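Undergrad: Got a structure for you, data30.txt, holding compact mmCIF, C-alpha atoms.
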# COMPACT_ATOMS: atom_id res chain seq x y z
CA MET A 39 19.10 13.64 -7.43
CA ASN A 40 19.67 11.56 -10.58
CA ASN A 41 22.96 10.24 -9.10
CA PRO A 42 21.93 7.67 -6.47
CA HIS A 43 25.28 7.95 -4.67
CA VAL A 44 24.15 11.24 -3.08
CA LEU A 45 22.11 8.95 -0.80
CA GLY A 46 25.31 8.25 1.12
CA GLU A 47 26.60 11.82 1.16
CA ALA A 48 23.87 14.47 1.32
CA PRO A 49 22.25 15.51 4.64
CA ILE A 50 19.55 13.10 5.76
CA GLY A 51 16.93 15.77 6.38
CA LYS A 52 17.33 17.14 2.87
CA LEU A 53 17.25 13.66 1.32
CA LEU A 54 14.18 12.60 3.25
CA TRP A 55 12.38 15.74 2.18
CA GLN A 56 13.37 15.32 -1.47
CA TYR A 57 12.45 11.63 -1.60
CA SER A 58 9.39 11.61 0.66
CA ILE A 59 7.50 14.63 -0.65
CA PRO A 60 7.12 13.23 -4.18
CA ALA A 61 6.12 9.83 -2.75
CA ILE A 62 3.66 11.44 -0.32
CA ILE A 63 2.10 13.46 -3.12
CA GLY A 64 1.79 10.35 -5.28
CA MET A 65 0.33 8.20 -2.49
CA THR A 66 -2.00 10.97 -1.34
CA LEU A 67 -3.29 11.46 -4.86
CA THR A 68 -3.87 7.72 -5.16
CA SER A 69 -5.77 7.67 -1.88
CA LEU A 70 -7.77 10.76 -2.84
CA TYR A 71 -8.67 9.08 -6.10
CA ASN A 72 -9.97 6.04 -4.21
CA ILE A 73 -12.04 8.34 -2.01
CA ILE A 74 -13.37 10.32 -4.97
CA ASP A 75 -14.07 7.10 -6.86
CA SER A 76 -16.06 5.78 -3.90
CA ILE A 77 -17.96 9.08 -3.71
CA PHE A 78 -18.83 8.82 -7.41
CA ILE A 79 -19.96 5.22 -6.95
CA GLY A 80 -21.92 6.01 -3.77
CA HIS A 81 -23.83 8.87 -5.35
CA GLY A 82 -23.95 7.56 -8.92
CA VAL A 83 -24.76 3.89 -8.27
CA GLY A 84 -25.96 3.60 -4.64
CA ALA A 85 -25.22 2.46 -1.09
CA LEU A 86 -25.09 -1.24 -2.05
CA ALA A 87 -22.40 -0.43 -4.62
CA ILE A 88 -20.22 0.91 -1.79
CA THR A 89 -20.80 -2.39 0.00
CA ALA A 90 -19.82 -4.26 -3.16
CA LEU A 91 -16.65 -2.21 -3.37
CA ALA A 92 -15.81 -3.22 0.22
CA ILE A 93 -16.40 -6.87 -0.69
CA THR A 94 -13.73 -6.59 -3.38
CA PHE A 95 -11.11 -5.39 -0.84
CA PRO A 96 -9.76 -8.89 -0.10
CA LEU A 97 -9.25 -9.63 -3.78
CA MET A 98 -7.70 -6.21 -4.30
CA ASN A 99 -5.37 -6.96 -1.37
CA LEU A 100 -4.32 -10.18 -3.08
CA LEU A 101 -3.72 -8.27 -6.31
CA ILE A 102 -1.55 -5.77 -4.42
CA ALA A 103 0.21 -8.61 -2.58
CA PHE A 104 1.50 -10.25 -5.75
CA SER A 105 2.42 -6.85 -7.18
CA THR A 106 4.43 -5.74 -4.13
CA LEU A 107 6.07 -9.16 -3.83
CA VAL A 108 8.03 -8.25 -6.94
CA GLY A 109 7.92 -4.44 -7.01
CA VAL A 110 8.94 -3.68 -3.43
CA GLY A 111 11.44 -6.53 -3.32
CA GLY A 112 13.03 -5.36 -6.56
CA ALA A 113 13.13 -1.72 -5.44
CA THR A 114 14.79 -2.55 -2.12
CA LEU A 115 17.33 -4.87 -3.74
CA SER A 116 18.20 -2.37 -6.49
CA SER A 117 18.87 0.43 -3.97
CA ILE A 118 21.10 -1.90 -1.94
CA ARG A 119 23.01 -2.83 -5.13
CA LEU A 120 23.54 0.85 -5.89
CA GLY A 121 24.83 1.35 -2.35
CA GLN A 122 27.36 -1.36 -3.16
CA LYS A 123 28.29 0.51 -6.41
CA ASP A 124 26.89 -2.38 -8.49
CA GLN A 125 25.11 -0.68 -11.43
CA HIS A 126 25.22 -3.85 -13.55
CA GLY A 127 23.44 -5.79 -10.80
CA ALA A 128 20.79 -3.09 -10.43
CA GLU A 129 20.03 -3.28 -14.17
CA ASP A 130 19.70 -7.05 -14.00
CA ILE A 131 17.19 -6.62 -11.17
CA LEU A 132 15.21 -4.13 -13.29
CA GLY A 133 14.84 -6.59 -16.17
CA ASN A 134 13.97 -9.50 -13.90
CA VAL A 135 11.34 -7.41 -12.10
CA THR A 136 9.69 -6.55 -15.43
CA VAL A 137 9.42 -10.18 -16.54
CA MET A 138 8.26 -11.34 -13.10
CA CYS A 139 5.52 -8.67 -13.02
CA VAL A 140 4.07 -9.91 -16.30
CA VAL A 141 4.20 -13.58 -15.31
CA ASN A 142 2.63 -12.92 -11.90
CA ALA A 143 -0.14 -10.84 -13.44
CA VAL A 144 -1.11 -13.43 -16.04
CA VAL A 145 -1.19 -16.29 -13.54
CA PHE A 146 -3.03 -14.42 -10.78
CA GLY A 147 -5.48 -12.67 -13.10
CA SER A 148 -6.42 -15.83 -15.01
CA ILE A 149 -7.07 -17.96 -11.93
CA SER A 150 -9.09 -15.22 -10.25
CA LEU A 151 -11.26 -14.65 -13.34
CA ILE A 152 -12.11 -18.34 -13.63
CA PHE A 153 -13.38 -18.54 -10.04
CA LEU A 154 -14.54 -14.93 -9.63
CA ASP A 155 -18.14 -15.41 -8.40
CA PRO A 156 -17.36 -18.16 -5.85
CA ILE A 157 -14.49 -16.02 -4.55
CA LEU A 158 -16.74 -12.99 -4.12
CA TYR A 159 -19.43 -14.98 -2.31
CA PHE A 160 -16.75 -16.33 0.00
CA PHE A 161 -15.60 -12.75 0.65
CA GLY A 162 -19.05 -11.74 1.88
CA ALA A 163 -21.10 -10.99 -1.23
CA THR A 164 -24.86 -11.60 -1.23
CA ASP A 165 -27.35 -11.77 -4.08
CA ALA A 166 -27.90 -8.04 -3.60
CA THR A 167 -24.23 -7.13 -4.09
CA ILE A 168 -22.68 -9.85 -6.28
CA GLY A 169 -23.53 -8.11 -9.57
CA TYR A 170 -21.76 -4.88 -8.63
CA ALA A 171 -18.71 -6.69 -7.23
CA HIS A 172 -18.41 -8.96 -10.30
CA ASP A 173 -18.62 -6.08 -12.78
CA PHE A 174 -15.90 -4.14 -10.98
CA MET A 175 -13.41 -6.97 -10.45
CA GLU A 176 -13.79 -8.49 -13.91
CA VAL A 177 -12.34 -5.36 -15.49
CA ILE A 178 -9.64 -4.95 -12.83
CA LEU A 179 -8.45 -8.54 -13.26
CA LEU A 180 -8.30 -8.27 -17.04
CA GLY A 181 -5.98 -5.30 -16.57
CA THR A 182 -3.57 -6.89 -14.07
CA PRO A 183 -0.57 -7.03 -16.48
CA ILE A 184 -0.84 -3.26 -16.94
CA SER A 185 -1.23 -2.64 -13.20
CA TYR A 186 1.66 -4.89 -12.20
CA VAL A 187 4.18 -3.48 -14.67
CA MET A 188 3.25 0.12 -13.85
CA ILE A 189 3.36 -0.34 -10.06
CA GLY A 190 6.44 -2.57 -10.01
CA LEU A 191 8.62 -0.40 -12.24
CA ASN A 192 7.47 2.79 -10.55
CA ASN A 193 8.88 1.41 -7.27
CA VAL A 194 12.20 0.68 -8.97
CA MET A 195 12.24 4.16 -10.54
CA ARG A 196 11.91 5.78 -7.12
CA ALA A 197 14.56 3.52 -5.56
CA THR A 198 17.15 4.22 -8.26
CA GLY A 199 17.28 7.99 -7.89
CA TYR A 200 14.17 9.39 -9.59
CA PRO A 201 11.60 10.23 -6.88
CA LYS A 202 10.14 13.17 -8.82
CA LYS A 203 9.55 11.07 -11.92
CA ALA A 204 7.91 8.39 -9.78
CA MET A 205 5.67 11.08 -8.30
CA LEU A 206 4.78 12.38 -11.76
CA SER A 207 3.78 8.91 -12.93
CA SER A 208 1.42 8.64 -9.96
CA MET A 209 0.07 12.12 -10.63
CA LEU A 210 -0.47 11.26 -14.29
CA THR A 211 -2.33 8.06 -13.43
CA VAL A 212 -4.50 9.64 -10.75
CA GLY A 213 -5.21 12.75 -12.82
CA CYS A 214 -6.42 10.65 -15.76
CA ASN A 215 -8.49 8.53 -13.39
CA ILE A 216 -10.25 11.50 -11.86
CA VAL A 217 -11.19 12.68 -15.36
CA PHE A 218 -12.24 9.28 -16.72
CA ALA A 219 -14.23 8.00 -13.72
CA PRO A 220 -17.10 10.52 -13.68
CA LEU A 221 -17.15 10.48 -17.47
CA PHE A 222 -17.60 6.71 -17.60
CA ILE A 223 -19.90 6.43 -14.56
CA PHE A 224 -22.27 9.34 -15.24
CA TRP A 225 -21.92 10.40 -18.89
CA PHE A 226 -21.67 6.96 -20.48
CA GLY A 227 -23.78 5.32 -17.76
CA TRP A 228 -21.38 2.42 -17.24
CA GLY A 229 -21.83 2.45 -13.45
CA ILE A 230 -19.33 0.60 -11.29
CA ARG A 231 -17.79 -1.08 -14.36
CA GLY A 232 -16.97 2.40 -15.67
CA ALA A 233 -14.97 3.13 -12.52
CA ALA A 234 -12.88 -0.01 -13.11
CA ILE A 235 -12.32 0.84 -16.80
CA ALA A 236 -11.15 4.31 -15.78
CA THR A 237 -8.65 2.76 -13.36
CA ILE A 238 -7.07 0.41 -15.89
CA LEU A 239 -6.99 2.97 -18.71
CA SER A 240 -5.24 5.46 -16.42
CA GLN A 241 -2.71 2.86 -15.30
CA PHE A 242 -1.98 2.05 -18.95
CA ILE A 243 -1.04 5.69 -19.53
CA GLY A 244 1.16 5.58 -16.41
CA MET A 245 2.79 2.35 -17.59
CA ILE A 246 3.81 3.95 -20.91
CA TRP A 247 5.43 6.81 -18.99
CA VAL A 248 7.42 4.43 -16.77
CA LEU A 249 8.55 2.21 -19.64
CA TYR A 250 9.74 5.26 -21.55
CA HIS A 251 11.90 6.27 -18.57
CA PHE A 252 13.69 2.93 -18.45
CA CYS A 253 14.22 2.96 -22.23
CA ASP A 254 15.76 6.45 -22.12
CA LYS A 255 19.55 6.44 -22.48
CA LYS A 256 19.73 9.36 -20.02
CA SER A 257 18.37 7.21 -17.18
CA TYR A 258 21.03 6.02 -14.74
CA ILE A 259 19.48 2.53 -14.66
CA ARG A 260 17.82 1.42 -17.89
CA PHE A 261 16.79 -1.63 -19.86
CA LYS A 262 19.57 -3.66 -21.43
CA ARG A 263 18.98 -6.73 -23.57
CA ARG A 264 20.84 -8.98 -21.16
CA CYS A 265 18.82 -7.92 -18.11
CA PHE A 266 15.63 -9.76 -19.15
CA HIS A 267 17.20 -13.17 -18.62
CA LEU A 268 15.74 -14.51 -15.37
CA LYS A 269 18.31 -15.37 -12.72
CA ARG A 270 17.48 -17.72 -9.89
CA LYS A 271 19.47 -15.75 -7.32
CA ILE A 272 17.76 -12.46 -8.19
CA ILE A 273 14.32 -14.07 -8.14
CA GLY A 274 15.04 -15.62 -4.75
CA ASN A 275 16.34 -12.37 -3.25
CA VAL A 276 13.45 -10.30 -4.66
CA PHE A 277 10.90 -12.76 -3.25
CA ALA A 278 12.70 -12.91 0.11
CA ILE A 279 12.64 -9.13 0.58
CA GLY A 280 9.20 -8.67 -0.99
CA MET A 281 7.75 -11.44 1.17
CA SER A 282 7.01 -9.04 4.01
CA PRO A 283 4.52 -6.79 2.17
CA PHE A 284 3.23 -9.88 0.36
CA VAL A 285 2.45 -11.67 3.61
CA MET A 286 1.02 -8.47 5.06
CA ASN A 287 -1.40 -8.09 2.16
CA VAL A 288 -2.33 -11.78 2.11
CA CYS A 289 -3.08 -11.57 5.82
CA ALA A 290 -5.04 -8.38 5.19
CA CYS A 291 -7.04 -10.34 2.64
CA GLY A 292 -7.83 -13.08 5.14
CA ILE A 293 -8.64 -10.62 7.89
CA THR A 294 -10.92 -8.58 5.61
CA ILE A 295 -12.82 -11.75 4.71
CA PHE A 296 -13.27 -12.43 8.41
CA ILE A 297 -14.32 -8.81 9.03
CA ASN A 298 -16.82 -8.83 6.15
CA ASN A 299 -18.45 -12.03 7.31
CA SER A 300 -18.55 -10.83 10.94
CA LEU A 301 -20.14 -7.57 9.83
CA LEU A 302 -22.65 -9.48 7.71
CA THR A 303 -23.56 -11.59 10.77
CA TYR A 304 -23.87 -8.76 13.30
CA GLY A 305 -24.95 -5.85 11.10
CA GLY A 306 -25.87 -6.83 7.51
CA ASP A 307 -24.87 -5.53 4.08
CA LEU A 308 -24.67 -1.87 5.11
CA SER A 309 -22.20 -2.67 7.89
CA ILE A 310 -19.82 -3.90 5.21
CA GLY A 311 -20.45 -0.62 3.40
CA ALA A 312 -19.56 1.23 6.62
CA PHE A 313 -16.28 -0.70 6.73
CA GLY A 314 -15.65 0.35 3.13
CA ILE A 315 -16.04 4.01 4.06
CA LEU A 316 -13.85 3.56 7.17
CA ASN A 317 -11.19 1.90 5.04
CA ARG A 318 -11.11 4.74 2.51
CA ILE A 319 -10.74 7.41 5.21
CA GLN A 320 -8.11 5.47 7.17
CA MET A 321 -6.12 4.81 4.02
CA LEU A 322 -5.83 8.53 3.27
CA PHE A 323 -3.60 8.93 6.35
CA VAL A 324 -1.95 5.52 6.07
CA MET A 325 -0.97 6.22 2.45
CA ILE A 326 0.68 9.47 3.50
CA VAL A 327 2.72 7.49 6.03
CA MET A 328 3.52 4.93 3.34
CA GLY A 329 4.76 7.81 1.20
CA ILE A 330 7.16 8.67 4.01
CA THR A 331 8.38 5.07 4.20
CA MET A 332 8.78 4.96 0.40
CA GLY A 333 10.96 8.06 0.65
CA MET A 334 12.94 6.43 3.45
CA GLN A 335 13.44 3.14 1.59
CA PRO A 336 16.17 4.13 -0.89
CA ILE A 337 17.97 6.18 1.80
CA THR A 338 17.99 3.41 4.40
CA GLY A 339 18.65 0.69 1.81
CA TYR A 340 21.62 2.50 0.29
CA ASN A 341 23.20 3.50 3.60
CA TYR A 342 22.63 0.08 5.14
CA GLY A 343 24.31 -1.48 2.11
CA ALA A 344 27.18 0.99 2.54
CA GLN A 345 27.28 0.31 6.34
CA LEU A 346 26.62 3.95 7.20
CA PHE A 347 24.50 3.05 10.20
CA SER A 348 24.27 6.45 11.87
CA ARG A 349 22.61 7.73 8.70
CA VAL A 350 20.21 4.80 8.77
CA LYS A 351 19.22 5.57 12.37
CA HIS A 352 18.74 9.27 11.70
CA THR A 353 16.53 8.52 8.71
CA LEU A 354 14.37 6.26 10.85
CA LYS A 355 14.07 8.86 13.63
CA LEU A 356 12.91 11.59 11.28
CA GLY A 357 10.51 9.22 9.53
CA MET A 358 8.89 8.15 12.79
CA ILE A 359 8.39 11.75 13.91
CA ALA A 360 6.78 12.75 10.61
CA ALA A 361 4.55 9.66 10.49
CA THR A 362 3.35 10.16 14.07
CA LEU A 363 2.38 13.77 13.36
CA ILE A 364 0.31 12.62 10.37
CA THR A 365 -1.60 9.91 12.24
CA VAL A 366 -2.19 12.07 15.31
CA PHE A 367 -3.85 14.57 12.98
CA GLY A 368 -5.92 11.72 11.52
CA PHE A 369 -6.98 10.72 15.03
CA LEU A 370 -8.14 14.24 15.86
CA VAL A 371 -10.18 14.84 12.73
CA GLY A 372 -11.67 11.33 12.83
CA GLU A 373 -12.86 11.71 16.40
CA ILE A 374 -14.04 15.32 16.14
CA PHE A 375 -15.56 15.45 12.63
CA PRO A 376 -16.64 11.89 11.76
CA LYS A 377 -20.01 12.75 10.19
CA MET A 378 -18.47 15.37 7.94
CA PHE A 379 -16.18 12.75 6.37
CA VAL A 380 -18.81 10.01 6.20
CA GLY A 381 -21.33 12.39 4.64
CA MET A 382 -19.13 12.76 1.56
CA PHE A 383 -19.78 9.14 0.59
CA THR A 384 -23.50 8.65 1.09
CA THR A 385 -26.84 10.24 1.95
CA ASN A 386 -28.23 6.96 3.31
CA ASP A 387 -29.08 7.58 7.00
CA GLU A 388 -28.43 4.03 8.22
CA LEU A 389 -25.11 3.77 6.41
CA THR A 390 -24.08 7.20 7.72
CA GLU A 391 -24.81 6.22 11.32
CA GLN A 392 -22.93 2.94 11.12
CA ALA A 393 -19.93 4.47 9.35
CA THR A 394 -19.69 7.28 11.93
CA VAL A 395 -19.40 4.76 14.78
CA ALA A 396 -16.91 2.71 12.76
CA LEU A 397 -14.70 5.72 12.08
CA ARG A 398 -14.45 6.71 15.74
CA PHE A 399 -13.33 3.20 16.65
CA GLY A 400 -11.08 2.92 13.61
CA VAL A 401 -8.87 5.92 14.39
CA ALA A 402 -8.65 5.35 18.16
CA ALA A 403 -5.11 3.91 17.94
CA PHE A 404 -3.86 6.28 15.25
CA PRO A 405 -1.42 8.11 17.57
CA VAL A 406 0.83 5.00 17.50
CA VAL A 407 -0.07 3.57 14.09
CA GLY A 408 2.32 5.87 12.21
CA ALA A 409 5.38 4.71 14.16
CA GLN A 410 4.31 1.06 13.88
CA ILE A 411 4.10 1.29 10.08
CA VAL A 412 7.47 3.03 9.80
CA ILE A 413 9.23 0.46 11.98
CA THR A 414 7.79 -2.45 9.99
CA GLN A 415 8.78 -0.90 6.65
CA PHE A 416 12.21 0.01 8.02
CA PHE A 417 13.13 -3.64 8.58
CA GLN A 418 11.96 -4.42 5.07
CA SER A 419 14.04 -1.61 3.56
CA ILE A 420 17.29 -2.89 5.13
CA GLY A 421 16.64 -6.42 3.89
CA LYS A 422 15.55 -7.91 7.25
CA ALA A 423 12.67 -9.80 5.69
CA LYS A 424 12.00 -12.20 8.57
CA ILE A 425 11.62 -9.41 11.14
CA SER A 426 9.39 -7.40 8.83
CA ILE A 427 7.23 -10.43 8.10
CA PHE A 428 6.86 -11.15 11.81
CA LEU A 429 5.82 -7.56 12.53
CA SER A 430 3.34 -7.67 9.66
CA LEU A 431 1.87 -10.91 10.99
CA SER A 432 1.71 -9.75 14.61
CA ARG A 433 -0.95 -7.14 13.96
CA GLN A 434 -3.02 -9.28 11.62
CA LEU A 435 -2.83 -12.79 13.05
CA LEU A 436 -1.65 -12.55 16.65
CA PHE A 437 -3.94 -9.71 17.71
CA LEU A 438 -6.64 -8.75 15.19
CA LEU A 439 -7.86 -12.26 14.36
CA PRO A 440 -8.38 -13.32 18.00
CA GLY A 441 -9.99 -9.95 18.69
CA LEU A 442 -12.44 -10.45 15.82
CA ALA A 443 -13.29 -13.89 17.17
CA LEU A 444 -13.79 -12.89 20.83
CA LEU A 445 -14.83 -9.25 21.19
CA PRO A 446 -18.06 -9.49 19.12
CA LEU A 447 -19.26 -12.20 21.52
CA ALA A 448 -19.38 -9.56 24.24
CA TYR A 449 -20.02 -6.34 22.33
CA ASP A 450 -21.80 -7.51 19.12
CA LEU A 451 -21.15 -5.15 16.17
CA ASN A 452 -19.09 -2.75 18.29
CA GLY A 453 -16.81 -5.67 19.13
CA VAL A 454 -15.82 -5.92 15.46
CA TRP A 455 -14.88 -2.25 15.39
CA LEU A 456 -13.12 -2.43 18.79
CA SER A 457 -10.82 -5.24 17.68
CA MET A 458 -9.07 -2.90 15.24
CA PRO A 459 -7.60 -0.28 17.64
CA VAL A 460 -6.78 -2.97 20.23
CA SER A 461 -4.67 -4.88 17.70
CA ASP A 462 -2.98 -1.64 16.57
CA PHE A 463 -1.84 -0.80 20.12
CA LEU A 464 -0.47 -4.30 20.71
CA ALA A 465 1.30 -4.41 17.33
CA TYR A 466 3.01 -1.10 18.08
CA ALA A 467 4.31 -2.44 21.40
CA VAL A 468 5.87 -5.46 19.68
CA ALA A 469 7.39 -3.35 16.87
CA ALA A 470 8.93 -0.88 19.35
CA TRP A 471 10.51 -3.73 21.34
CA MET A 472 11.98 -5.29 18.18
CA LEU A 473 13.45 -1.95 17.11
CA VAL A 474 15.12 -1.36 20.49
CA TYR A 475 16.59 -4.87 20.40
CA HIS A 476 17.95 -4.37 16.87
CA TYR A 477 19.52 -1.03 17.81
CA ARG A 478 21.29 -2.50 20.84
CA HIS A 479 22.59 -5.68 19.28
CA LYS A 480 22.88 -5.21 15.50
CA MET A 481 23.81 -1.57 14.80
CA LYS A 482 26.68 -0.59 17.14
CA GLU A 483 29.06 0.80 14.51
CA PRO A 484 30.71 4.20 15.07
CA SER A 485 28.61 7.23 14.13
CA SER A 486 31.38 9.34 12.56
CA GLN A 487 29.81 9.26 9.10
CA PRO A 488 28.95 12.02 6.62
CA GLY A 489 25.86 14.12 6.14
CA VAL A 490 23.71 13.12 9.13
CA SER A 491 22.36 16.62 9.71
Will you turn the file into structure tokens for me?
TA:
Amino acid sequence: MNNPHVLGEAPIGKLLWQYSIPAIIGMTLTSLYNIIDSIFIGHGVGALAITALAITFPLMNLLIAFSTLVGVGGATLSSIRLGQKDQHGAEDILGNVTVMCVVNAVVFGSISLIFLDPILYFFGATDATIGYAHDFMEVILLGTPISYVMIGLNNVMRATGYPKKAMLSSMLTVGCNIVFAPLFIFWFGWGIRGAAIATILSQFIGMIWVLYHFCDKKSYIRFKRRCFHLKRKIIGNVFAIGMSPFVMNVCACGITIFINNSLLTYGGDLSIGAFGILNRIQMLFVMIVMGITMGMQPITGYNYGAQLFSRVKHTLKLGMIAATLITVFGFLVGEIFPKMFVGMFTTNDELTEQATVALRFGVAAFPVVGAQIVITQFFQSIGKAKISIFLSLSRQLLFLLPGLALLPLAYDLNGVWLSMPVSDFLAYAVAAWMLVYHYRHKMKEPSSQPGVS
């Protein structure tokens, strides 16, 4: 597995298993940490603290957006370079990604800290929740250089032939976080600020692990002195490919602001808290699907770069099947056992009732959500940034935003929840059409290529 050229030779099923399982474990652990962290905050600080956490989602989405702009773009580009047998180019990308992560973090973190309270009020904070939201985000923003370097280089590690090491870095970070969070929240009494400190401290430990890997002479791709010189072409290509997840997260930020303010209008502070609980539960299943797409990314990127298109298609087929099974399971448990999941976060009766309704609406379109995510990430992984950006925008801007504006006029608070599954169904239809078109017109090469089984 440490030789990336097996991506063009080994059977697809075996590769997808080897690359996806570590990514799924890492993403699942991350999602479980977010759930456990919210449970600690809900029981250790209170229901309004869960609302405050939901208010920070737009800013967290922006933080993730600038991180993935570099990390995902660099990972995709490096796997394509390896498919083209260009090790020198892959190392240059590694160095440029490292420098770009630091620069992005300093700029984004500084600006956000200066205007933190006005930003949070704009995102839906009230006088009852601003204190919690400020305390949490202040620590997170101060730690953005650590977060960006750790996340960005972990993506590159996975894409250059080390999925197990990438999984271990996630496991290390999450494991430390699960230990630190209750210690800081309950034992030291630091409340919601303690949860943020635990997050950054854990990511610092993960960052050291990742940096050590790329300094190790045994690593196939590693730091070289020359690779830290920024190159305009690399920067442009990284941004072009990373623009899809960047736009998706920026749109998610805007949509979440709209959702928070709609919920505040039709339901109040606890409705935003219900959205926070819904988001955590949804993300558990979405992150598993994202783990599948992360496992697919180096396989599809390498084989697309090597023009082994039958292997690309087979990877996509297996990924879509696996993702659909995951989200169908999420649909079933969300519809059948909603109160069991919601009850983990809070004992507040009003919040429990609102979150139960929200969860049933939120998972209604899950049977098609898995395939929609895989298709969108597939276009990103083969360097088709414009298509991936369009598919990312279709769900957020073309469908969800109009739904949020119109459906609450007829159905009040339920209209806010209803807009989410409606937009998911429509986004899936568009993504499926784009995939069929691409198959028919862009990938007609012969299928007599190795290791498809």
Undergrad: With all atoms listed in the file as the atoms that count, which of A:Leu221, A:Ile295, A:His126, A:Phe383 lies nearest to Ile157 in chain A?
TA: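 Smallest distance to Ile157 in chain A is found for A:Ile295.
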Undergrad: Adding 8 Å on each side of the box along x, y and z that holds all listed atoms of range 220-224 of chain A, could you give its centre and edge lengths in Å to one decimal, as lines of an AutoDock Vina configuration file?
TA:
center_x = -19.7
center_y = 8.5
center_z = -15.6
size_x = 21.2
size_y = 20.1
size_z = 19.9
Undergrad: Just the residues within 6 Å of range 305-321 of chain A, please, counting only C-alpha atoms, with nothing from its chain fewer than 5 positions along; format it as an NGL selection string.
TA: :A and (73 or 88-89 or 92 or 298 or 389 or 392-393 or 397)
Undergrad: From the list A:Tyr304, A:Phe266, A:Phe218, A:Trp228, which residue is nearest Leu451 in chain A when using all atoms listed in the file?
TA: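 That would be A:Tyr304, the residue with the smallest distance to Leu451 in chain A.
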Undergrad: Between range 63-108 of chain A and range 333-348 of chain A, at 12 Å or less, what are the per-residue closest atom pairs and their distances in Å? Count only C-alpha atoms, order by chain and rising residue number, and return it as JSON lines.
TA:
{"residue": "A:Ile63", "atom": "CA", "partner": "A:Gly333", "partner_atom": "CA", "distance": 11.0}
{"residue": "A:Gly64", "atom": "CA", "partner": "A:Gly333", "partner_atom": "CA", "distance": 11.2}
{"residue": "A:Met65", "atom": "CA", "partner": "A:Gly333", "partner_atom": "CA", "distance": 11.1}
Undergrad: Only C-alpha atoms, please: the residues just picked out, written as a PDB file, keeping the file's coordinate frame.
TA:
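And here is the file that came out, result-v8.pdb:
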ATOM      1  CA  ILE A  63       2.100  13.460  -3.120  1.00  0.00           C
ATOM      2  CA  GLY A  64       1.790  10.350  -5.280  1.00  0.00           C
ATOM      3  CA  MET A  65       0.330   8.200  -2.490  1.00  0.00           C
TER       4      MET A  65
END
Undergrad: Excluding range 147-149 of chain A and its own-chain neighbours fewer than 2 positions away, which residues fall within 9 Å of it when counting all atoms listed in the file? Please give them as number ranges by chain.
TA: A: 101, 142-145, 151-154, 178-183
Undergrad: I'd like the neighbourhood of Gly329 in chain A as number ranges by chain, where a residue qualifies if any of its atoms comes within 12 Å (using all atoms listed in the file), though same-chain residues fewer than 4 positions away should be ignored.
TA: A: 54-69, 193, 196, 201, 204-205, 208, 321-325, 333-335, 357, 360-361, 364, 408, 411-412, 415
Undergrad: Would you please work out which residue, of A:Phe296, A:Trp225, A:Phe369, A:Phe95, is nearest to Gln434 in chain A when using all atoms listed in the file?
TA: A:Phe296
Undergrad: Would you kindly return, as a VMD selection string, each protein, DNA or RNA residue with an atom no farther than 12 Å from any atom of Pro283 in chain A, considering all atoms listed in the file and excluding same-chain residues fewer than 2 positions away?
TA: chain A and resid 99 to 111 114 276 to 281 285 to 290 328 411 414 to 419 423 to 431
Undergrad: Provide the CA of Val460 in chain A to CA of Gln410 in chain A distance in Å, to one decimal place.
TA: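 Separation between CA of Val460 in chain A and CA of Gln410 in chain A: 13.4 Å.
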Undergrad: Using all atoms listed in the file, which residue out of A:Ser117, A:Ser300, A:Ser240, A:Asn72 lies closest to Phe161 in chain A?
TA: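 Residue with the minimum atom-to-atom distance to Phe161 in chain A: A:Ser300.
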Undergrad: Excluding Ala233 in chain A and any residue of its chain fewer than 2 positions from it, enumerate the residues within 10 Å of it, using only C-alpha atoms, and give them as a PyMOL selection string.
TA: chain A and resi 75-76+78-79+173-174+177-178+215-216+218-224+228-231+235-238
Undergrad: Using CA of Tyr466 in chain A and CA of Tyr449 in chain A as the two end points, give the distance in Å to one decimal.
TA: 24.0 Å
Undergrad: What residues have an atom no more than 6 Å from (15.2, 11.4, 8.4) in the file's own frame, counting all atoms listed in the file, and can you write them as an MDAnalysis selection string?
TA: chainID A and resid 50:51 54 352:357
Undergrad: Kindly indicate which residue among A:Ile326, A:Val83, A:Ala128, A:Leu45 lies nearest to Ile272 in chain A, using all atoms listed in the file for the distances.
TA: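 Nearest candidate to Ile272 in chain A out of A:Ile326, A:Val83, A:Ala128, A:Leu45: A:Ala128.
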Undergrad: Could you work out how far CA of Gly133 in chain A lies from CA of Ile246 in chain A, giving the answer in Å with one decimal?
TA: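 Answer for the CA of Ile246 in chain A to CA of Gly133 in chain A separation: 16.0 Å.
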